[in-house]
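Below is one structure, written out as structure tokens; comments come after it.
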Amino acid sequence: MQWLKRFRVIVAIIFSIAITIIFLDYLSVIPSNYVAFLTSLQLAPNLMRTLVILTSASFGLLFVIILTFLFGRVYCSTLCPLGVLQDVIIRFANIRKRKNRFRFRKQYYLLHYSLFALIVILALAGSIVLLNLLEPFSNYGRIVANLLSPLVVSLNNGFEYIFDHLEIMSLFHIQIIYVSAMSAISAGIFLIVIVYLSYNHGRLFCNTLCPVGALLSILSRFTIFKIIIDVNNCKECGLCEKVCKASCINSNNKEIDFAACVGCFNCISACPTVGISYDARKKKIHTTEININKSRRSVMKIFALPTFGITFSKIFNDVLENPKNESGYLETHKHPISPPGSLSVERFASLCTACHLCVSSCPTQVLFPSLLEYGIAGLFQPRLNFDLNYCNYDCIICSQICPSGAILPIDINTKKEIQIGKVEFFKPDCIVVTKGRDCGACSEHCPTKAVKMVPYKKYLMIPEIEIDLCVGCGACQYACPVLPNKAIYVNTNTIHQKARIPEVIKAKSTINETNEFPF
Amino acid sequence: MDRRTFFKKSIGASVFAGALFNEKFNELFNVNYNIDGILPFDLVAVKGGEPDVMFRKGIDALGGISKFIKKGQKVVVKPNIGWDVTPERAANTNPILVSEIVQQCISAGASDVYVFDHTCDNWQRCYKNSGIESGVKKVGGKMAPGNSEKYYRDVKIPNGKSLIKAKEHELILNSDVFINVPILKHHGGTRLTIAMKNLMGIVWDRGYWHRNDLHQCIADYATYRKPNLNIVDAYYVMKQNGPRGVSKDDVVVMKSLLISTDMVAIDTAATKLFGMNPTEVRYIQLASEQKVGRMDLENLNIKRISL
């Protein structure tokens with residue numbers, strides 16, 4: 001059974017690299033069905049998605065569940081990118097520290113399962129903020145998208161600089177990669193915590209805080225094939241316990257707390273005999289006694305956290321309250337616009353795990369991590385930021401790759417009928433009025449001519465809007481040259497509406513059939 | 001000092017002096033730019049053929065592309081690739097025409113032929129979906145990015161009234177020959193976009209132009225930057241909802257093409273082709289007043305070719 005660990009390592013490397021790459025695809029070259037396949041094997045987002053919509057991606061969920069019923073939490077050591085990241089750090093710690101340093105520990109099941117229960121209760125109540133803060137895939141995504149991606153883009157630009165001097169045009173400079181400071185800082189803090197925990201305590205995070213770990217831990221109690229210590233072959237050397245990152249092997253009692261086992265197979269590899277291996281025989285699982293007093297206090301803490309958060313968000317929102325601006329442009333910043341396919345702002349906020357896959361895949365980078373625009377419950381969920389760019393009329397990438405179903409898959413024709421916001425034109429700020437000169441940048445960019453130019457004084461043309469044609473793509477707002485407050489901007493549709501398809505008026509042909517030129 | 005820097009400097013100097021001497025210097029200026037001296041025609045107009053065929057006939061009437069390109073020279077071709085739409089929507093220059101131009105440049109011995117635009121929509125999608133990227137690469141041209149400020153250099157516009165400086169793409173500054181290949185179409189802001197308006201795609205900060213009298217800025221820039229050759233694509237012409245268009249119904253088939261070294265003349269002719277009066281397009285009027293070129297088509301030597 002020695003091959004098990006090697007197999008696990010190979011699968012883990014392939015999957016974690018593949019997952020990392022989809023978050024670094026700033027050139028949008030990876031086909032979305034490949035991305036969808038990879039993310040379908042991620043438990044938390046795919047569970048959300050399957051609850052919302054049954055697609056082929058749901059097979060991924062089924063696969064993970066069957067896998068767990070058969071072999072336990074092997075997911076945690078192969079398919080989970082955050083688990084693999086921790087394994088890398090643990091391996092690094094093995095070099096720096098002693099190699100065989102782990103000790104059996106009673107698992108904090110009460111804390112872990114209570115936290116999981118709280119996440120489920122909060123999710124049912126409509127807020128998935130706690131899930132988003134602890135869920136491994138989204139946290140890994142935020143680390144890559146907010147920290148690694150800017151680094152890779154900088155590297156790209158560095159190489160491009162050199163290549164450019166050699167007149168090689170294979171790379172090009174990426175103008176800016178928009179990074180949300182708060183989102184990057186929070187990803188950085190999470191990374192530090194994960195590095196600290198795994199460096200010093202192995203897979204402690206997975207067995208105390210991780211909601212996916214908790215769910216799989218519960219499932220793995222019903223697993224058919226379990227790793228057990230074969231009493232007859234055991235030489236009582238205790239090596240298996242010392243290599244166990246999850247600290248779930250008690251070599252004294254020859255018992256394994258399988259609900260905490262992350263399926264890394266280090267123990268099987270370490271065993272000098274065949275004393276430890278998979279076995280289908282039903283054995284009584286060693287259940288850990290729980291130190292009630294200690295755990296109860298931590299449970300209290302978990303329940304106190306959201307209450308604090310809500311109070312905090314209220315205070316923050318009051319601070320953000322701006323004095324009424326006549327133009328309403330500043331007002332638009334306070335109400336987030338959710339991507340086409342998310343149906344409504346509320347629905348989006350209740351389903352998005354803030355993995356930032358859409359943020360890193362959006363070709364125009366209009367999708368930007370929010371801070372408190374969706375409220376404290378929607379921390380870091382992306383919104384469309386029309387000051388940065390606008391939503392491409394012919395692009396549906398985010399809807400094709402969203403792992404959690406927060407953005408439903410839509411085809412291009414459906415997208416063109418979705419109105420995510422409504423244009424508003426504040427005439428007194430328009431260049432044509434203030435400077436008495438032609439401009440038309442907004443109408444130029446408008447894909448549906450919801451903003452069109454009509455005659456205004458003498459020879460001038462001024463924008464006029466037709467709201468039901470507007471899809472809310474934000475091109476007009478982005479293109480408007482007025483500073484600092486744009487004269488044209490998009491207000492959110494909290495519930496997405498249907499845009500009218502522009503009626504066809506055939507252009508008049510002026511072909512000169514007489515073969516004469518008009519000059 | 002290489003040939004290009006010499007041109008740049010001498011042009012800069014002549015433009016500056018041109019402010020004082022006006023018309024006389026302008027003539028000198030034009031001679032500077034027509035590499036092989038006097039061309040047989042001021043403007044060539046072709047109609048009734050496919051885009052590549054019309055270009056071949058038109059450029060032959062001027063003496064062939066080799067009149068403009070010497071062996072080993074670096075050429076930059078600037079079509080309009082502003083929008084993420086398909087070729088039949090006529091928001092971007094016809095890819096068959098661009099491909100033909102690039103191929104002729106290479107046949108004439110150009111060392112490199114670069115094609116780029118500072119697009120409005122996402123540039124990679126524009127390059128791809130306009131059909132221009134594949135058309136250019138197929139014949140050995142190179143697509144260059146214009147998406148980043150890093151590629152743009154500060155330039156001064158000595159004769160500018162509203163626009164006195166801009167950031168211009170380095171390929172325009174570094175190339176020996178600059179070929180401007182706009183498409184004729186309706187434009188909500190400026191009425192029409194043709195040759196002079198197409199130059200907005202070689203500068204970085206267009207917001208400044210929009211804020212500071214768009215027409216004047218277009219004319220100002222044309223006093224500074226004169227392409228060696230302008231080729232106006234009017235095969236498919238967007239008659240309404242420009243410059244992006246909403247559907248194929250905005251487009252009519254005109255099967256026409258114009259070639260000239262004079263941007264004002266070519267814009268005037270294209271406006272008439274479109275069915276508008278050139279005085280309705282203010283930047284053409286302004287550029288003519290600033291002696292960029294001539295609006296008096298009746299006094300120009302025009303070659304008309306019907307296929």
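As shown in the structure tokens, the chain order sets the letters A, B, ...; within each chain, residues go from 1, and ligands are also counted from 1 in the order they appear.
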
Skip B:Asn80 itself and residues of its chain fewer than 5 positions away, then list as a list in words all residues within 9 Å of it, counting only C-alpha atoms.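 Here the qualifying residues turn out to be Ala91, Asn92, Thr93, Asn94, Phe116, Asp117, His118, Thr119, Asn180, Val181, Pro182, Ile183, Asn198 and Gly201 of chain B.
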
Mind dumping a table of every chain A residue within 7 Å of chain B, with the nearest atom pair and its distance in Å to one decimal, using only C-alpha atoms, sorted by chain and rising number, as a tab-separated table?
residue	atom	partner	partner_atom	distance
A:Phe172	CA	B:Pro145	CA	6.6
A:His173	CA	B:Ser148	CA	6.5
A:Ile174	CA	B:Ser148	CA	6.6
A:Gln175	CA	B:Ser148	CA	4.6
A:Pro363	CA	B:Asn122	CA	7.0
A:Thr364	CA	B:Asn122	CA	6.1
A:Ile431	CA	B:Arg211	CA	6.4
A:Arg437	CA	B:Asp213	CA	5.3
A:Asp438	CA	B:Gly189	CA	6.1
A:Cys439	CA	B:His210	CA	5.2
A:Gly440	CA	B:Gly189	CA	4.0
A:Ala441	CA	B:Gly189	CA	6.8
A:Ser443	CA	B:Gly188	CA	6.5
A:Glu444	CA	B:Pro243	CA	5.7
A:His445	CA	B:Arg244	CA	6.6
A:Pro447	CA	B:Val246	CA	6.0
A:Thr448	CA	B:Val246	CA	5.6
A:Lys449	CA	B:Asn241	CA	6.7
A:Met453	CA	B:Gly188	CA	5.6
A:Met461	CA	B:Gly189	CA	6.9
A:Pro481	CA	B:Gly207	CA	5.0
A:Val482	CA	B:Arg211	CA	6.9
A:Val504	CA	B:Asp249	CA	6.6
A:Ile505	CA	B:Asp249	CA	6.6
A:Lys506	CA	B:Asp249	CA	4.9
A:Ala507	CA	B:Asp250	CA	5.1
A:Ser509	CA	B:Val252	CA	5.5
A:Ile511	CA	B:Met254	CA	5.7
A:Asn515	CA	B:Ser306	CA	6.5
A:Pro518	CA	B:Lys272	CA	6.0
A:Phe519	CA	B:Ala269	CA	6.6

From stretch 60-267 of chain B, collect each residue whose DSSP state is helix (DSSP H, G or I) and return the set as a PyMOL selection string. chain B and resi 60-61+65-67+87-89+95-107+123-129+132-138+149-151+170-174+195-202+206-211+214-224+248-250+263-267

Strand (DSSP E or B) per DSSP on the backbone: members of stretch 234-306 of chain B, as a PDB file with N, CA and C atoms, in the first residue's frame:
ATOM      1  N   ALA B 234     -14.758  51.958 -47.309  1.00  0.00           N
ATOM      2  CA  ALA B 234     -16.193  52.241 -47.356  1.00  0.00           C
ATOM      3  C   ALA B 234     -16.900  51.113 -48.083  1.00  0.00           C
ATOM      4  N   TYR B 235     -16.455  49.902 -47.780  1.00  0.00           N
ATOM      5  CA  TYR B 235     -17.095  48.730 -48.385  1.00  0.00           C
ATOM      6  C   TYR B 235     -18.439  48.506 -47.693  1.00  0.00           C
ATOM      7  N   TYR B 236     -18.372  48.211 -46.381  1.00  0.00           N
ATOM      8  CA  TYR B 236     -19.577  48.242 -45.564  1.00  0.00           C
ATOM      9  C   TYR B 236     -19.572  49.579 -44.833  1.00  0.00           C
ATOM     10  N   VAL B 237     -20.688  50.283 -44.830  1.00  0.00           N
ATOM     11  CA  VAL B 237     -20.700  51.578 -44.155  1.00  0.00           C
ATOM     12  C   VAL B 237     -21.837  51.637 -43.136  1.00  0.00           C
ATOM     13  N   MET B 238     -21.480  51.956 -41.894  1.00  0.00           N
ATOM     14  CA  MET B 238     -22.470  52.095 -40.840  1.00  0.00           C
ATOM     15  C   MET B 238     -23.136  53.466 -40.976  1.00  0.00           C
ATOM     16  N   VAL B 251     -25.970  48.881 -41.233  1.00  0.00           N
ATOM     17  CA  VAL B 251     -24.908  48.868 -42.236  1.00  0.00           C
ATOM     18  C   VAL B 251     -25.482  48.776 -43.654  1.00  0.00           C
ATOM     19  N   VAL B 252     -24.891  49.540 -44.564  1.00  0.00           N
ATOM     20  CA  VAL B 252     -25.231  49.380 -45.977  1.00  0.00           C
ATOM     21  C   VAL B 252     -23.957  49.008 -46.743  1.00  0.00           C
ATOM     22  N   VAL B 253     -24.140  48.376 -47.893  1.00  0.00           N
ATOM     23  CA  VAL B 253     -22.987  47.990 -48.707  1.00  0.00           C
ATOM     24  C   VAL B 253     -22.718  49.104 -49.705  1.00  0.00           C
ATOM     25  N   MET B 254     -21.537  49.693 -49.646  1.00  0.00           N
ATOM     26  CA  MET B 254     -21.196  50.792 -50.547  1.00  0.00           C
ATOM     27  C   MET B 254     -20.105  50.413 -51.526  1.00  0.00           C
ATOM     28  N   LYS B 255     -19.347  49.414 -51.186  1.00  0.00           N
ATOM     29  CA  LYS B 255     -18.276  48.919 -52.062  1.00  0.00           C
ATOM     30  C   LYS B 255     -17.419  50.054 -52.606  1.00  0.00           C
ATOM     31  N   SER B 256     -16.919  50.897 -51.713  1.00  0.00           N
ATOM     32  CA  SER B 256     -16.078  52.009 -52.159  1.00  0.00           C
ATOM     33  C   SER B 256     -14.790  52.061 -51.356  1.00  0.00           C
ATOM     34  N   LEU B 257     -13.819  52.762 -51.909  1.00  0.00           N
ATOM     35  CA  LEU B 257     -12.520  52.902 -51.254  1.00  0.00           C
ATOM     36  C   LEU B 257     -11.871  54.200 -51.707  1.00  0.00           C
ATOM     37  N   LEU B 258     -11.225  54.897 -50.767  1.00  0.00           N
ATOM     38  CA  LEU B 258     -10.543  56.148 -51.111  1.00  0.00           C
ATOM     39  C   LEU B 258      -9.086  56.058 -50.670  1.00  0.00           C
ATOM     40  N   ILE B 259      -8.200  56.653 -51.462  1.00  0.00           N
ATOM     41  CA  ILE B 259      -6.784  56.699 -51.093  1.00  0.00           C
ATOM     42  C   ILE B 259      -6.277  58.119 -51.298  1.00  0.00           C
ATOM     43  N   SER B 260      -5.571  58.631 -50.293  1.00  0.00           N
ATOM     44  CA  SER B 260      -4.975  59.963 -50.439  1.00  0.00           C
ATOM     45  C   SER B 260      -3.933  60.179 -49.349  1.00  0.00           C
ATOM     46  N   ILE B 302      -8.278  64.274 -59.088  1.00  0.00           N
ATOM     47  CA  ILE B 302      -8.877  63.047 -58.561  1.00  0.00           C
ATOM     48  C   ILE B 302      -8.973  61.982 -59.633  1.00  0.00           C
ATOM     49  N   LYS B 303      -8.538  60.768 -59.277  1.00  0.00           N
ATOM     50  CA  LYS B 303      -8.681  59.625 -60.186  1.00  0.00           C
ATOM     51  C   LYS B 303      -9.911  58.828 -59.742  1.00  0.00           C
ATOM     52  N   ARG B 304     -10.867  58.667 -60.614  1.00  0.00           N
ATOM     53  CA  ARG B 304     -12.090  57.914 -60.270  1.00  0.00           C
ATOM     54  C   ARG B 304     -12.092  56.589 -61.021  1.00  0.00           C
ATOM     55  N   ILE B 305     -12.194  55.497 -60.275  1.00  0.00           N
ATOM     56  CA  ILE B 305     -12.164  54.171 -60.898  1.00  0.00           C
ATOM     57  C   ILE B 305     -13.452  53.431 -60.545  1.00  0.00           C
ATOM     58  N   SER B 306     -14.210  53.029 -61.566  1.00  0.00           N
ATOM     59  CA  SER B 306     -15.389  52.200 -61.318  1.00  0.00           C
ATOM     60  C   SER B 306     -15.128  50.806 -61.850  1.00  0.00           C
TER      61      SER B 306
END

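Between atom CA of A:Tyr109 and atom CA of A:His201 there is a distance of 16.3 Å.
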
Take atom CA of B:Lys128 and atom CA of B:Pro87 and report the distance between them in Å, one decimal.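 Straight-line distance from atom CA of B:Lys128 to atom CA of B:Pro87 works out to 10.6 Å.
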
Could you list, as a ChimeraX atom specification, every residue within 9 Å of A:Ala270, counting only C-alpha atoms and ignoring same-chain residues fewer than 5 positions away? /A:2,239-240,243,265

Just how far from atom CA of A:Ser342 is atom CA of A:Ala487, in Å to one decimal? 27.4 Å

List the spatial neighbours of stretch 19-23 of chain A as a PDB file with N, CA and C atoms, in the first residue's frame - criterion: any atom at most 6 Å away, only C-alpha atoms, same-chain residues fewer than 6 positions off excluded.
ATOM      1  N   ALA A 145      -5.931  35.158  -6.165  1.00  0.00           N
ATOM      2  CA  ALA A 145      -6.403  36.279  -6.976  1.00  0.00           C
ATOM      3  C   ALA A 145      -5.932  37.629  -6.445  1.00  0.00           C
ATOM      4  N   LEU A 357     -12.990  33.987  -8.438  1.00  0.00           N
ATOM      5  CA  LEU A 357     -12.656  33.392  -9.731  1.00  0.00           C
ATOM      6  C   LEU A 357     -13.144  34.298 -10.865  1.00  0.00           C
ATOM      7  N   SER A 360     -10.866  37.390 -11.203  1.00  0.00           N
ATOM      8  CA  SER A 360      -9.610  37.196 -11.919  1.00  0.00           C
ATOM      9  C   SER A 360      -9.842  36.779 -13.367  1.00  0.00           C
TER      10      SER A 360
END

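Residues lying within 8 Å of A:Lys242, counting only C-alpha atoms and ignoring same-chain neighbours fewer than 6 positions away, are Asn100, Arg101, Phe102 and Arg103 of chain A.
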
Print the selection's residues with N, CA and C atoms to a file, as a CSV table (one decimal), in the first residue's frame.
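And here is the file that came out, out_2.csv:
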chain,number,residue,atom,x,y,z
A,100,ASN,N,9.5,13.9,12.6
A,100,ASN,CA,8.4,13.1,13.3
A,100,ASN,C,8.0,13.8,14.6
A,101,ARG,N,7.3,14.8,14.5
A,101,ARG,CA,7.0,15.6,15.7
A,101,ARG,C,5.6,15.6,16.1
A,102,PHE,N,4.7,15.0,15.4
A,102,PHE,CA,3.3,15.1,15.8
A,102,PHE,C,2.9,14.2,16.9
A,103,ARG,N,1.9,14.5,17.6
A,103,ARG,CA,1.4,13.8,18.8
A,103,ARG,C,-0.1,13.6,18.7

Contacts of A:Leu133 at 9 Å (only C-alpha atoms; same-chain gap of 5+ positions) as a compact mmCIF listing (two decimals) with N, CA and C atoms, in the first residue's frame:
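Resulting contents of result.txt:
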# COMPACT_ATOMS: atom_id res chain seq x y z
N ILE A 128 -24.11 34.04 4.31
CA ILE A 128 -23.08 33.01 4.23
C ILE A 128 -21.70 33.62 4.55
N SER A 138 -12.65 29.13 -1.45
CA SER A 138 -12.76 30.56 -1.66
C SER A 138 -11.59 31.31 -1.02
N ASN A 139 -11.15 30.83 0.13
CA ASN A 139 -10.00 31.46 0.75
C ASN A 139 -8.75 31.28 -0.09
N PHE A 190 -5.32 35.90 6.32
CA PHE A 190 -5.71 34.49 6.32
C PHE A 190 -4.52 33.60 6.00
N THR A 353 -19.68 32.81 -2.72
CA THR A 353 -18.72 32.48 -1.67
C THR A 353 -17.47 33.36 -1.75
N ALA A 354 -17.50 34.36 -2.63
CA ALA A 354 -16.40 35.32 -2.76
C ALA A 354 -15.06 34.63 -3.03
N LEU A 379 -19.16 40.54 2.56
CA LEU A 379 -17.77 40.98 2.53
C LEU A 379 -17.02 40.35 1.35

Please list as a list in words every residue within 8 Å of A:Leu79, counting only C-alpha atoms and excluding residues in the same chain fewer than 5 positions away.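 The filter keeps Val11, Ala12, Phe15, Ser16, Leu41, Gln42 and Val84 of chain A.
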
Have a look at B:Thr261, B:Gln285, B:Ser175, B:Asn277 and name the one nearest to B:Leu43; count only C-alpha atoms.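 Nearest to B:Leu43: B:Thr261.
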
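Distance annotation: of B:Arg153, B:Cys126, B:Lys226, B:Asp176, the residue with the minimal separation from A:Asp394 is B:Cys126; atom set is only C-alpha atoms.
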